[in-house]
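**Q** See run32.tsv below, with TSV, C-alpha atoms.
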chain	number	residue	atom	x	y	z
J	874	MET	CA	22.32	-34.47	-25.77
J	875	TYR	CA	18.86	-34.56	-27.34
J	876	ASP	CA	19.41	-37.44	-29.75
J	877	VAL	CA	17.35	-40.59	-29.36
J	878	ARG	CA	19.84	-43.43	-28.91
J	879	LEU	CA	19.04	-46.98	-29.98
J	880	VAL	CA	20.51	-50.06	-28.26
J	881	HIS	CA	20.12	-53.48	-29.86
J	882	ALA	CA	21.95	-56.59	-31.00
J	883	GLU	CA	24.53	-56.27	-33.77
J	884	THR	CA	22.21	-58.33	-35.99
J	885	THR	CA	18.55	-57.99	-35.12
J	886	GLN	CA	15.71	-60.26	-36.17
J	887	LEU	CA	14.78	-60.44	-39.86
J	888	LEU	CA	11.11	-59.61	-40.40
J	889	GLY	CA	8.95	-59.73	-43.51
J	890	SER	CA	7.49	-62.29	-45.89
J	891	SER	CA	10.67	-64.35	-45.97
J	892	GLY	CA	11.82	-63.54	-42.48
J	893	SER	CA	11.46	-65.62	-39.35
J	894	GLY	CA	9.42	-63.19	-37.26
J	895	SER	CA	6.68	-64.67	-35.11
J	896	GLY	CA	3.96	-63.10	-37.24
J	897	SER	CA	4.90	-64.93	-40.48
J	898	SER	CA	3.94	-61.82	-42.45
J	899	SER	CA	1.93	-62.28	-45.63
J	900	SER	CA	2.28	-58.65	-46.73
J	901	GLY	CA	4.86	-59.41	-49.41
J	902	VAL	CA	7.27	-56.70	-48.24
J	903	LYS	CA	10.99	-57.16	-48.68
J	904	PRO	CA	12.46	-58.66	-45.48
J	905	LYS	CA	14.24	-56.20	-43.22
J	906	ARG	CA	16.07	-56.31	-39.90
J	907	LEU	CA	14.18	-55.03	-36.86
J	908	SER	CA	16.75	-52.31	-36.15
J	909	ASP	CA	16.56	-51.10	-39.76
J	910	ILE	CA	12.75	-51.03	-39.59
J	911	VAL	CA	12.90	-48.82	-36.51
J	912	ARG	CA	15.37	-46.45	-38.19
J	913	ASP	CA	13.58	-46.32	-41.54
J	914	GLU	CA	9.90	-46.53	-40.55
J	915	CYS	CA	9.90	-44.63	-37.23
J	916	PRO	CA	10.99	-41.01	-37.86
J	917	SER	CA	10.83	-40.14	-34.17
J	918	LEU	CA	13.44	-42.83	-33.42
J	919	GLY	CA	15.53	-43.04	-36.61
J	920	ASP	CA	18.86	-41.44	-37.49
J	921	GLY	CA	18.89	-37.80	-36.45
J	922	ALA	CA	15.75	-38.15	-34.30
J	923	THR	CA	15.67	-36.03	-31.16
J	924	PHE	CA	13.50	-35.47	-28.12
J	925	ARG	CA	13.76	-32.02	-26.56
J	926	GLN	CA	11.95	-31.55	-23.28
J	927	SER	CA	9.70	-28.53	-22.96
J	928	PRO	CA	11.49	-25.63	-21.22
J	929	LEU	CA	8.30	-25.21	-19.20
J	930	VAL	CA	8.65	-28.76	-17.82
J	931	PRO	CA	12.40	-29.10	-17.17
J	932	GLY	CA	13.91	-32.19	-15.60
J	933	GLY	CA	12.78	-35.67	-14.69
J	934	HIS	CA	10.71	-34.69	-11.66
J	935	ALA	CA	8.78	-31.98	-13.52
J	936	GLN	CA	8.14	-34.28	-16.48
J	937	THR	CA	6.89	-37.05	-14.20
J	938	THR	CA	4.64	-34.74	-12.19
J	939	TYR	CA	3.15	-33.12	-15.28
J	940	ALA	CA	2.08	-36.48	-16.69
J	941	PHE	CA	0.63	-37.49	-13.32
J	942	LEU	CA	-1.42	-34.31	-13.05
J	943	GLY	CA	-2.64	-34.89	-16.60
J	944	TYR	CA	-4.65	-37.83	-15.25
J	945	TYR	CA	-7.06	-35.50	-13.50
J	946	VAL	CA	-7.62	-33.49	-16.68
J	947	TYR	CA	-8.48	-36.62	-18.63
J	948	TYR	CA	-10.55	-38.03	-15.79
J	949	ALA	CA	-12.73	-34.92	-15.77
J	950	HIS	CA	-12.92	-35.07	-19.56
J	951	SER	CA	-13.96	-38.74	-19.46
J	952	LEU	CA	-16.91	-37.92	-17.22
J	953	LEU	CA	-18.26	-35.56	-19.86
J	954	PHE	CA	-17.13	-37.38	-23.00
J	955	PRO	CA	-16.81	-41.13	-22.40
J	956	LYS	CA	-14.93	-42.82	-25.20
J	957	PHE	CA	-14.77	-46.37	-23.90
J	958	THR	CA	-17.29	-49.18	-23.49
J	959	ARG	CA	-16.86	-51.21	-20.30
J	960	GLU	CA	-16.73	-55.01	-20.33
J	961	ILE	CA	-16.39	-57.05	-17.14
J	962	PHE	CA	-14.24	-60.06	-17.93
J	963	ARG	CA	-14.56	-63.12	-15.70
J	964	LEU	CA	-11.35	-65.01	-14.97
J	965	SER	CA	-11.00	-68.75	-14.50
J	966	ASP	CA	-10.56	-68.45	-10.72
J	967	GLY	CA	-13.76	-66.42	-10.30
J	968	GLY	CA	-12.00	-63.07	-10.30
J	969	THR	CA	-12.90	-60.25	-12.66
J	970	VAL	CA	-11.10	-57.45	-14.48
J	971	ALA	CA	-12.56	-54.35	-16.11
J	972	LEU	CA	-11.87	-53.98	-19.84
J	973	ASP	CA	-12.38	-50.61	-21.50
J	974	TRP	CA	-12.98	-50.92	-25.24
J	975	ALA	CA	-12.75	-48.36	-28.03
J	976	LEU	CA	-13.72	-50.25	-31.17
J	977	CYS	CA	-12.84	-49.02	-34.64
J	978	GLU	CA	-14.96	-49.70	-37.71
J	979	ASN	CA	-14.79	-53.30	-38.94
J	980	HIS	CA	-13.32	-54.21	-35.56
J	981	THR	CA	-13.42	-57.94	-36.25
J	982	LYS	CA	-10.57	-57.50	-38.74
J	983	ARG	CA	-8.66	-54.44	-37.52
J	984	PRO	CA	-5.67	-54.45	-35.15
J	985	ILE	CA	-6.30	-54.31	-31.41
J	986	VAL	CA	-3.88	-52.47	-29.12
J	987	THR	CA	-4.12	-53.90	-25.61
J	988	ILE	CA	-2.86	-51.49	-22.93
J	989	LEU	CA	-1.56	-52.09	-19.42
J	990	SER	CA	-1.12	-48.92	-17.39
J	991	GLY	CA	0.79	-48.09	-14.19
J	992	VAL	CA	0.00	-48.78	-10.52
J	993	THR	CA	-3.81	-48.90	-10.16
J	994	GLY	CA	-3.84	-47.16	-13.57
J	995	THR	CA	-6.97	-46.62	-15.65
J	996	SER	CA	-8.09	-45.66	-19.14
J	997	CYS	CA	-8.01	-42.03	-17.94
J	998	ASP	CA	-4.23	-41.97	-17.52
J	999	PHE	CA	-2.62	-39.15	-19.47
J	1000	TYR	CA	-0.30	-41.30	-21.56
J	1001	VAL	CA	-3.05	-43.85	-22.26
J	1002	ARG	CA	-5.36	-41.14	-23.58
J	1003	ARG	CA	-2.65	-39.57	-25.73
J	1004	CYS	CA	-1.86	-42.91	-27.39
J	1005	TYR	CA	-5.56	-43.76	-27.62
J	1006	ASN	CA	-6.19	-40.59	-29.64
J	1007	GLU	CA	-3.51	-41.63	-32.13
J	1008	PHE	CA	-4.84	-45.19	-32.47
J	1009	VAL	CA	-8.35	-43.91	-33.18
J	1010	LYS	CA	-6.95	-41.91	-36.10
J	1011	MET	CA	-5.25	-45.09	-37.35
J	1012	GLN	CA	-8.51	-47.06	-37.10
J	1013	TYR	CA	-7.07	-49.44	-34.50
J	1014	SER	CA	-9.27	-50.78	-31.73
J	1015	VAL	CA	-8.05	-50.06	-28.20
J	1016	LEU	CA	-8.50	-52.25	-25.13
J	1017	VAL	CA	-7.36	-51.02	-21.71
J	1018	VAL	CA	-6.95	-53.98	-19.35
J	1019	HIS	CA	-7.28	-52.90	-15.71
J	1020	SER	CA	-5.79	-54.75	-12.78
J	1021	ARG	CA	-8.12	-56.63	-10.43
J	1022	GLY	CA	-10.03	-54.27	-8.18
J	1023	CYS	CA	-8.96	-51.20	-10.17
J	1024	GLY	CA	-10.57	-48.89	-12.68
J	1025	GLY	CA	-13.80	-48.72	-10.71
J	1026	SER	CA	-14.24	-52.49	-10.49
J	1027	LYS	CA	-14.42	-54.54	-7.28
J	1028	LEU	CA	-12.66	-57.74	-6.31
J	1029	THR	CA	-14.79	-60.86	-6.55
J	1030	THR	CA	-12.16	-63.08	-4.88
J	1031	PRO	CA	-9.62	-62.35	-2.11
J	1032	LEU	CA	-6.80	-62.08	-4.67
J	1033	PRO	CA	-5.83	-58.50	-5.63
J	1034	PHE	CA	-3.08	-57.68	-8.15
J	1035	HIS	CA	0.67	-57.50	-7.80
J	1036	CYS	CA	3.56	-56.19	-9.87
J	1037	GLY	CA	4.32	-59.49	-11.60
J	1038	LEU	CA	0.86	-61.04	-11.98
J	1039	THR	CA	0.64	-62.08	-15.64
J	1040	THR	CA	-2.12	-64.69	-15.47
J	1041	ASP	CA	-4.99	-62.20	-15.82
J	1042	TYR	CA	-3.54	-60.52	-18.91
J	1043	ARG	CA	-2.80	-63.95	-20.38
J	1044	GLU	CA	-6.44	-65.00	-20.00
J	1045	VAL	CA	-7.65	-61.81	-21.67
J	1046	ILE	CA	-5.25	-62.24	-24.61
J	1047	ASN	CA	-6.17	-65.90	-25.07
J	1048	ASP	CA	-9.84	-64.96	-25.07
J	1049	LEU	CA	-9.25	-62.26	-27.68
J	1050	ARG	CA	-7.35	-64.68	-29.85
J	1051	GLU	CA	-10.33	-67.06	-29.74
J	1052	ARG	CA	-13.07	-64.41	-30.10
J	1053	LEU	CA	-11.39	-62.29	-32.78
J	1054	PRO	CA	-8.94	-64.57	-34.60
J	1055	ASP	CA	-8.47	-62.19	-37.56
J	1056	CYS	CA	-7.38	-59.19	-35.46
J	1057	PRO	CA	-3.63	-58.63	-35.09
J	1058	LEU	CA	-2.86	-58.08	-31.40
J	1059	PHE	CA	-0.42	-55.48	-30.08
J	1060	GLY	CA	0.68	-54.88	-26.50
J	1061	LEU	CA	1.44	-51.41	-25.11
J	1062	SER	CA	2.38	-50.88	-21.47
J	1063	PHE	CA	3.60	-48.28	-19.03
J	1064	SER	CA	5.46	-48.40	-15.69
J	1065	LEU	CA	4.14	-51.26	-13.53
J	1066	GLY	CA	2.14	-52.48	-16.52
J	1067	ALA	CA	5.39	-52.44	-18.51
J	1068	ASN	CA	6.93	-54.91	-16.08
J	1069	ILE	CA	3.88	-57.17	-16.26
J	1070	MET	CA	3.74	-57.12	-20.05
J	1071	ALA	CA	7.48	-57.66	-20.54
J	1072	LYS	CA	7.34	-60.56	-18.09
J	1073	TYR	CA	4.30	-62.03	-19.88
J	1074	ILE	CA	5.97	-61.81	-23.31
J	1075	GLY	CA	9.08	-63.48	-21.91
J	1076	GLU	CA	7.03	-66.24	-20.28
J	1077	GLU	CA	5.20	-66.93	-23.55
J	1078	GLY	CA	8.36	-67.09	-25.66
J	1079	ASP	CA	7.68	-68.21	-29.23
J	1080	ARG	CA	4.04	-68.97	-28.31
J	1081	CYS	CA	3.22	-65.29	-27.69
J	1082	PRO	CA	-0.01	-64.30	-29.52
J	1083	LEU	CA	1.06	-60.64	-29.81
J	1084	ILE	CA	2.70	-59.59	-33.05
J	1085	ALA	CA	4.69	-56.83	-31.32
J	1086	GLY	CA	4.98	-54.97	-28.03
J	1087	ILE	CA	6.02	-51.57	-26.68
J	1088	ILE	CA	7.28	-51.28	-23.11
J	1089	VAL	CA	7.51	-47.73	-21.71
J	1090	GLY	CA	9.28	-46.94	-18.42
J	1091	ASN	CA	10.03	-50.55	-17.48
J	1092	PRO	CA	11.43	-51.12	-13.95
J	1093	TYR	CA	13.42	-54.27	-14.96
J	1094	ASP	CA	14.23	-55.12	-11.31
J	1095	MET	CA	11.23	-54.60	-9.01
J	1096	TYR	CA	13.09	-55.16	-5.74
J	1097	LYS	CA	15.79	-52.60	-6.54
J	1098	VAL	CA	13.25	-50.05	-7.76
J	1099	ILE	CA	11.23	-50.33	-4.54
J	1100	ARG	CA	14.39	-50.14	-2.45
J	1101	HIS	CA	15.37	-47.01	-4.37
J	1102	LEU	CA	12.01	-45.37	-3.66
J	1103	ASP	CA	11.91	-46.43	-0.02
J	1104	ALA	CA	15.51	-45.60	0.88
J	1105	LYS	CA	15.84	-41.82	1.02
J	1106	LEU	CA	13.64	-40.06	3.54
J	1107	LEU	CA	14.68	-36.50	2.65
J	1108	SER	CA	14.48	-36.86	-1.11
J	1109	LEU	CA	12.07	-35.97	-3.91
J	1110	ASN	CA	11.94	-39.69	-4.66
J	1111	LYS	CA	10.13	-40.18	-1.36
J	1112	ILE	CA	7.19	-38.29	-2.87
J	1113	TYR	CA	6.73	-41.08	-5.39
J	1114	ASP	CA	7.02	-43.70	-2.68
J	1115	ILE	CA	4.27	-41.97	-0.68
J	1116	ALA	CA	2.08	-41.50	-3.76
J	1117	ILE	CA	2.38	-45.13	-4.89
J	1118	LEU	CA	1.82	-46.37	-1.34
J	1119	ASN	CA	-1.32	-44.24	-1.17
J	1120	PHE	CA	-2.57	-45.81	-4.43
J	1121	LEU	CA	-1.98	-49.28	-2.99
J	1122	LYS	CA	-3.69	-48.50	0.29
J	1123	THR	CA	-6.66	-46.97	-1.52
J	1124	ALA	CA	-7.01	-50.10	-3.64
J	1125	PHE	CA	-6.82	-52.19	-0.45
J	1126	TYR	CA	-9.52	-50.25	1.37
J	1127	GLU	CA	-11.81	-50.22	-1.66
J	1128	ASN	CA	-11.61	-54.03	-1.61
J	1129	ARG	CA	-10.96	-54.56	2.10
J	1130	ASP	CA	-13.75	-57.05	2.80
J	1131	ALA	CA	-12.77	-59.32	-0.09
J	1132	ILE	CA	-9.03	-59.29	0.67
J	1133	LEU	CA	-9.49	-59.99	4.39
J	1134	LYS	CA	-11.30	-63.22	3.44
J	1135	ALA	CA	-8.01	-64.64	2.18
J	1136	PRO	CA	-7.02	-67.82	4.07
J	1137	VAL	CA	-3.90	-66.16	5.54
J	1138	ASP	CA	-3.10	-64.17	8.66
J	1139	LEU	CA	-3.53	-60.51	7.70
J	1140	ASN	CA	-3.11	-57.75	10.27
J	1141	GLU	CA	-5.21	-54.83	9.07
J	1142	ALA	CA	-3.63	-52.43	11.54
J	1143	LYS	CA	-0.14	-53.18	10.23
J	1144	ILE	CA	-1.32	-52.85	6.64
J	1145	ALA	CA	-2.83	-49.46	7.45
J	1146	SER	CA	0.30	-48.26	9.27
J	1147	SER	CA	2.73	-49.31	6.52
J	1148	SER	CA	5.00	-46.37	5.81
J	1149	THR	CA	6.75	-47.74	2.71
J	1150	ILE	CA	5.84	-49.83	-0.32
J	1151	MET	CA	8.08	-52.60	0.99
J	1152	GLU	CA	6.24	-52.70	4.32
J	1153	PHE	CA	2.86	-52.82	2.56
J	1154	THR	CA	4.07	-55.64	0.32
J	1155	GLU	CA	5.37	-57.53	3.36
J	1156	GLU	CA	2.19	-57.12	5.41
J	1157	MET	CA	-0.39	-57.76	2.68
J	1158	THR	CA	0.56	-58.63	-0.90
J	1159	ARG	CA	3.18	-61.32	-0.35
J	1160	LYS	CA	0.99	-63.08	2.23
J	1161	VAL	CA	-2.09	-63.22	0.02
J	1162	PHE	CA	-0.04	-64.64	-2.86
J	1163	GLY	CA	1.88	-67.13	-0.72
J	1164	TYR	CA	5.40	-65.68	-0.90
J	1165	LYS	CA	7.79	-66.09	2.02
J	1166	SER	CA	8.84	-62.42	1.94
J	1167	ALA	CA	8.31	-59.17	0.07
J	1168	LYS	CA	11.75	-59.57	-1.53
J	1169	HIS	CA	10.80	-63.04	-2.74
J	1170	LEU	CA	7.66	-61.66	-4.43
J	1171	LEU	CA	9.49	-58.71	-5.99
J	1172	ASP	CA	12.38	-60.81	-7.29
J	1173	ASP	CA	9.97	-63.34	-8.75
J	1174	SER	CA	7.95	-60.54	-10.35
J	1175	SER	CA	10.78	-58.79	-12.18
J	1176	SER	CA	10.71	-58.83	-15.97
J	1177	GLY	CA	14.46	-58.47	-16.46
J	1178	PRO	CA	15.40	-62.17	-16.10
J	1179	LEU	CA	12.76	-63.18	-18.67
J	1180	MET	CA	13.78	-60.78	-21.42
J	1181	ASP	CA	16.14	-63.39	-22.89
J	1182	ASN	CA	13.08	-65.48	-23.78
J	1183	ILE	CA	11.23	-62.80	-25.77
J	1184	ARG	CA	10.53	-63.96	-29.33
J	1185	ILE	CA	8.42	-61.17	-30.78
J	1186	PRO	CA	9.62	-57.69	-31.79
J	1187	VAL	CA	9.51	-55.41	-28.73
J	1188	LEU	CA	10.44	-51.75	-28.47
J	1189	PHE	CA	11.44	-50.46	-25.03
J	1190	LEU	CA	11.38	-46.72	-24.24
J	1191	ASN	CA	13.35	-45.41	-21.28
J	1192	SER	CA	14.41	-41.95	-20.15
J	1193	LEU	CA	17.78	-41.45	-18.51
J	1194	ASP	CA	16.34	-38.92	-16.06
J	1195	ASP	CA	13.50	-41.18	-14.91
J	1196	PRO	CA	13.38	-40.67	-11.11
J	1197	ILE	CA	11.43	-43.90	-10.48
J	1198	CYS	CA	12.79	-46.55	-12.87
J	1199	ILE	CA	16.34	-45.25	-12.65
J	1200	SER	CA	18.77	-45.62	-15.54
J	1201	SER	CA	21.26	-47.73	-13.57
J	1202	LEU	CA	18.73	-50.58	-13.57
J	1203	ILE	CA	18.28	-50.69	-17.36
J	1204	ALA	CA	19.27	-54.20	-18.48
J	1205	TYR	CA	21.49	-53.15	-21.41
J	1206	GLU	CA	22.95	-56.61	-21.87
J	1207	LYS	CA	19.50	-58.03	-22.67
J	1208	PHE	CA	19.17	-55.72	-25.67
J	1209	VAL	CA	22.64	-56.49	-26.97
J	1210	ASN	CA	22.03	-60.25	-26.78
J	1211	ASN	CA	18.39	-60.62	-27.93
J	1212	PRO	CA	17.73	-59.82	-31.62
J	1213	TYR	CA	14.01	-59.26	-30.98
J	1214	LEU	CA	14.59	-56.22	-28.75
J	1215	VAL	CA	15.30	-52.55	-29.39
J	1216	LEU	CA	15.80	-49.99	-26.62
J	1217	ALA	CA	15.19	-46.31	-27.40
J	1218	LEU	CA	16.86	-44.01	-24.88
J	1219	THR	CA	16.17	-40.32	-24.38
J	1220	GLU	CA	18.13	-37.94	-22.19
J	1221	HIS	CA	14.96	-36.42	-20.75
J	1222	GLY	CA	11.33	-37.38	-20.29
J	1223	GLY	CA	11.09	-38.41	-16.66
J	1224	HIS	CA	8.88	-41.35	-15.78
J	1225	ILE	CA	6.63	-41.64	-18.85
J	1226	GLY	CA	6.29	-37.86	-19.10
J	1227	TYR	CA	7.92	-37.12	-22.48
J	1228	MET	CA	6.58	-33.56	-22.73
J	1229	GLY	CA	8.32	-31.78	-25.60
J	1230	LYS	CA	8.17	-28.58	-27.69
J	1231	THR	CA	7.84	-25.15	-26.08
J	1232	TRP	CA	4.29	-25.52	-24.83
J	1233	PRO	CA	4.27	-28.98	-23.15
J	1234	THR	CA	3.20	-31.45	-25.83
J	1235	SER	CA	3.16	-35.22	-25.50
J	1236	TRP	CA	5.75	-37.05	-27.63
J	1237	VAL	CA	5.34	-40.71	-26.68
J	1238	GLU	CA	2.44	-41.43	-29.06
J	1239	GLN	CA	4.70	-40.69	-32.03
J	1240	PRO	CA	7.15	-43.61	-31.66
J	1241	VAL	CA	4.34	-45.84	-30.38
J	1242	SER	CA	2.11	-45.33	-33.42
J	1243	GLN	CA	5.01	-45.45	-35.88
J	1244	PHE	CA	6.36	-48.71	-34.49
J	1245	PHE	CA	3.01	-50.49	-34.49
J	1246	LYS	CA	2.30	-49.33	-38.04
J	1247	ALA	CA	5.67	-50.73	-39.13
J	1248	MET	CA	5.08	-54.03	-37.32
J	1249	LEU	CA	1.69	-54.42	-39.02
J	1250	LYS	CA	3.54	-54.03	-42.31
J	1251	TYR	CA	6.40	-56.41	-41.56
J	1252	ASN	CA	5.09	-58.86	-38.97
J	1253	ALA	CA	1.33	-59.13	-39.43
J	1254	PRO	CA	0.02	-62.70	-39.15
J	1255	SER	CA	-1.28	-64.57	-42.16
J	1256	PRO	CA	-5.09	-64.30	-42.47
J	1257	HIS	CA	-7.16	-67.24	-41.24
Please render this file's structure as structure tokens.
**A**
Amino acid sequence: MYDVRLVHAETTQLLGSSGSGSGSSSSGVKPKRLSDIVRDECPSLGDGATFRQSPLVPGGHAQTTYAFLGYYVYYAHSLLFPKFTREIFRLSDGGTVALDWALCENHTKRPIVTILSGVTGTSCDFYVRRCYNEFVKMQYSVLVVHSRGCGGSKLTTPLPFHCGLTTDYREVINDLRERLPDCPLFGLSFSLGANIMAKYIGEEGDRCPLIAGIIVGNPYDMYKVIRHLDAKLLSLNKIYDIAILNFLKTAFYENRDAILKAPVDLNEAKIASSSTIMEFTEEMTRKVFGYKSAKHLLDDSSSGPLMDNIRIPVLFLNSLDDPICISSLIAYEKFVNNPYLVLALTEHGGHIGYMGKTWPTSWVEQPVSQFFKAMLKYNAPSPH
């Protein structure tokens, strides 16, 4: 009931100095299969590993809500003790994204963990801060990549973000590869950011500059997830629909003047009166990005169909009681058929909550830090 269950291909990718992993490791370690690395090098995921939810935060809804409320604690903390340095990154189309840096010593050589958070997420998100604290101990640099118009930044073009927009992250990664060629690059993502990162890695295929990725709480099928959230009026799930819709509307109004300059017919009144995520997507997002319908945008944005193309080691974390990215949408067949993927399943944890022990204590940073440490050992790129 509490065991962490791993799902992967019968024979996973061989990594190490003689393996065929994308990193072409020069560490001299004995080659090992990805699934064996996870079992042997990641104690929180290996044989006998368990995740027990805190009895004070029981069930998927409580776990999800606790992590959400943790944002406000870390936001208040960040006002008093800022840990990040802000960089405004200019994109090729004139747009900008806010990058929050936490640089370790000798940062031109050390690994960089790039992070994509959830809907309108920021570097203050609970799970981001918990993982950030662990990376600082490991002397890894951290880079939180915000979506356009989020994280306190403003849109500089009419284009906002959407759930499958990978071009901005791609430009940031390509720039990092050019600016800091000796730094191994990792990708860590949560929720909506998980979908974007998984889609990006699949689009890149064997050209992906990351040496490994971790995808937490991935939706897999954006259309079905949104339909799930929108469908039940008298349900706890409707709370998430309302909350996410509020995030989207807030982002719209904070960038209203820029978005309304888009060369499309936008009805501000209908955008404002949208009562579901699907309605908002239909009235604003799909029009700005040139899609014929909200369904067309969401289907085109889903990461699931592109998981077959992933060619770097990627660990997915999903909870079976996740009330947002529900377990029935987990693309199990992708993990069985692609040797570069491992799925770690827990019975509890909600939507990226993972609060364990008696007093609620975050668990997710344990497998995240262990996996990246193992990938640096087995799949680090050869030095330039």
**Q** Counting only C-alpha atoms, which residue out of J:Tyr1126, J:Tyr1164, J:Phe1189, J:Tyr1113 sits closest to J:Asn1068?
**A**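 Answer, going by the shortest atom-to-atom distance: J:Phe1189.
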**Q** State, in Å with one decimal place, the distance from atom CA of J:Ser996 to atom CA of J:Lys956.
**A**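 Result for atom CA of J:Ser996 versus atom CA of J:Lys956: 9.6 Å, one decimal.
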**Q** Please measure the separation of atom CA of J:Trp974 and atom CA of J:Phe1034, giving the value in Å to one decimal.
**A**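 These two atoms are separated by 20.9 Å.
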**Q** Let me make sure I understand: among J:Val986, J:Leu972, J:Ser1174, J:Val1045, which one has the smallest atom-to-atom distance to J:His1019 if we use only C-alpha atoms?
**A**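 Among J:Val986, J:Leu972, J:Ser1174, J:Val1045, it is J:Leu972 that comes nearest to J:His1019.
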**Q** Find the residues around stretch 1086-1095 of chain J up to 6 Å (all atoms listed in the file counted), leave out those fewer than 2 positions away in its own chain, and share them as number ranges by chain.
**A** J: 1059-1064, 1067-1068, 1097-1098, 1171, 1175-1177, 1187-1191, 1198, 1225
**Q** Can you write out as JSON lines which residues of stretch 1010-1051 of chain J fall within 12 Å of stretch 1234-1246 of chain J, alongside each residue's closest atom pair and its distance in Å to one decimal, counting all atoms listed in the file and ordering rows by chain and ascending residue number?
**A**
{"residue": "J:Lys1010", "atom": "CA", "partner": "J:Ser1242", "partner_atom": "CA", "distance": 10.0}
{"residue": "J:Met1011", "atom": "CA", "partner": "J:Ser1242", "partner_atom": "CA", "distance": 8.3}
{"residue": "J:Gln1012", "atom": "CA", "partner": "J:Lys1246", "partner_atom": "CA", "distance": 11.1}
{"residue": "J:Tyr1013", "atom": "CA", "partner": "J:Lys1246", "partner_atom": "CA", "distance": 10.0}
**Q** What is the atom CA of J:Ala1167 to atom CA of J:Leu1202 distance in Å?
**A**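 Distance between the two atoms: 19.2 Å.
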**Q** Got a sec: who's within 10 Å of stretch 1229-1231 of chain J, counting only C-alpha atoms, leaving out chain neighbours fewer than 6 positions off, as a short mmCIF file (atom, residue, chain, number, x, y, z; two decimals) with C-alpha atoms, in the coordinates of the input?
**A**
data_model
loop_
_atom_site.label_atom_id
_atom_site.label_comp_id
_atom_site.auth_asym_id
_atom_site.auth_seq_id
_atom_site.Cartn_x
_atom_site.Cartn_y
_atom_site.Cartn_z
CA PHE J 924 13.50 -35.47 -28.12
CA ARG J 925 13.76 -32.02 -26.56
CA GLN J 926 11.95 -31.55 -23.28
CA SER J 927 9.70 -28.53 -22.96
CA PRO J 928 11.49 -25.63 -21.22
CA LEU J 929 8.30 -25.21 -19.20
CA VAL J 930 8.65 -28.76 -17.82
CA PRO J 931 12.40 -29.10 -17.17
CA GLN J 936 8.14 -34.28 -16.48
CA HIS J 1221 14.96 -36.42 -20.75
CA GLY J 1222 11.33 -37.38 -20.29
CA VAL J 1237 5.34 -40.71 -26.68
#
**Q** Using only C-alpha atoms for the distances, tell me which of J:Met1248, J:Pro1082, J:Thr993, J:Asn1006 is nearest to J:Leu1118.
**A**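 Of the candidates, the smallest distance to J:Leu1118 is held by J:Thr993.
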**Q** List the neighbours of stretch 1143-1152 of chain J out to 12 Å using all atoms listed in the file; skip same-chain residues closer than 5 positions along the sequence, and give me the result as JSON, numbers by chain.
**A** {"J": [992, 1035, 1036, 1095, 1096, 1097, 1098, 1099, 1100, 1101, 1102, 1103, 1104, 1105, 1106, 1111, 1112, 1113, 1114, 1115, 1116, 1117, 1118, 1119, 1120, 1121, 1122, 1123, 1124, 1125, 1126, 1129, 1132, 1133, 1138, 1157, 1158, 1159, 1160, 1166, 1167, 1168, 1169, 1170, 1171]}
**Q** Convert the current residue selection to file output with C-alpha atoms, as a CSV table (one decimal), in the coordinates of the input.
**A**
chain,number,residue,atom,x,y,z
J,992,VAL,CA,0.0,-48.8,-10.5
J,1035,HIS,CA,0.7,-57.5,-7.8
J,1036,CYS,CA,3.6,-56.2,-9.9
J,1095,MET,CA,11.2,-54.6,-9.0
J,1096,TYR,CA,13.1,-55.2,-5.7
J,1097,LYS,CA,15.8,-52.6,-6.5
J,1098,VAL,CA,13.2,-50.0,-7.8
J,1099,ILE,CA,11.2,-50.3,-4.5
J,1100,ARG,CA,14.4,-50.1,-2.4
J,1101,HIS,CA,15.4,-47.0,-4.4
J,1102,LEU,CA,12.0,-45.4,-3.7
J,1103,ASP,CA,11.9,-46.4,0.0
J,1104,ALA,CA,15.5,-45.6,0.9
J,1105,LYS,CA,15.8,-41.8,1.0
J,1106,LEU,CA,13.6,-40.1,3.5
J,1111,LYS,CA,10.1,-40.2,-1.4
J,1112,ILE,CA,7.2,-38.3,-2.9
J,1113,TYR,CA,6.7,-41.1,-5.4
J,1114,ASP,CA,7.0,-43.7,-2.7
J,1115,ILE,CA,4.3,-42.0,-0.7
J,1116,ALA,CA,2.1,-41.5,-3.8
J,1117,ILE,CA,2.4,-45.1,-4.9
J,1118,LEU,CA,1.8,-46.4,-1.3
J,1119,ASN,CA,-1.3,-44.2,-1.2
J,1120,PHE,CA,-2.6,-45.8,-4.4
J,1121,LEU,CA,-2.0,-49.3,-3.0
J,1122,LYS,CA,-3.7,-48.5,0.3
J,1123,THR,CA,-6.7,-47.0,-1.5
J,1124,ALA,CA,-7.0,-50.1,-3.6
J,1125,PHE,CA,-6.8,-52.2,-0.4
J,1126,TYR,CA,-9.5,-50.2,1.4
J,1129,ARG,CA,-11.0,-54.6,2.1
J,1132,ILE,CA,-9.0,-59.3,0.7
J,1133,LEU,CA,-9.5,-60.0,4.4
J,1138,ASP,CA,-3.1,-64.2,8.7
J,1157,MET,CA,-0.4,-57.8,2.7
J,1158,THR,CA,0.6,-58.6,-0.9
J,1159,ARG,CA,3.2,-61.3,-0.4
J,1160,LYS,CA,1.0,-63.1,2.2
J,1166,SER,CA,8.8,-62.4,1.9
J,1167,ALA,CA,8.3,-59.2,0.1
J,1168,LYS,CA,11.8,-59.6,-1.5
J,1169,HIS,CA,10.8,-63.0,-2.7
J,1170,LEU,CA,7.7,-61.7,-4.4
J,1171,LEU,CA,9.5,-58.7,-6.0
**Q** Extract, using only C-alpha atoms, all DNA, RNA and protein residues at most 8 Å from J:Asn1128, discarding same-chain residues fewer than 5 positions from it, and format them as a list in words.
**A**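 Near J:Asn1128, the qualifying residues are Gly1022, Lys1027 and Leu1028 of chain J.
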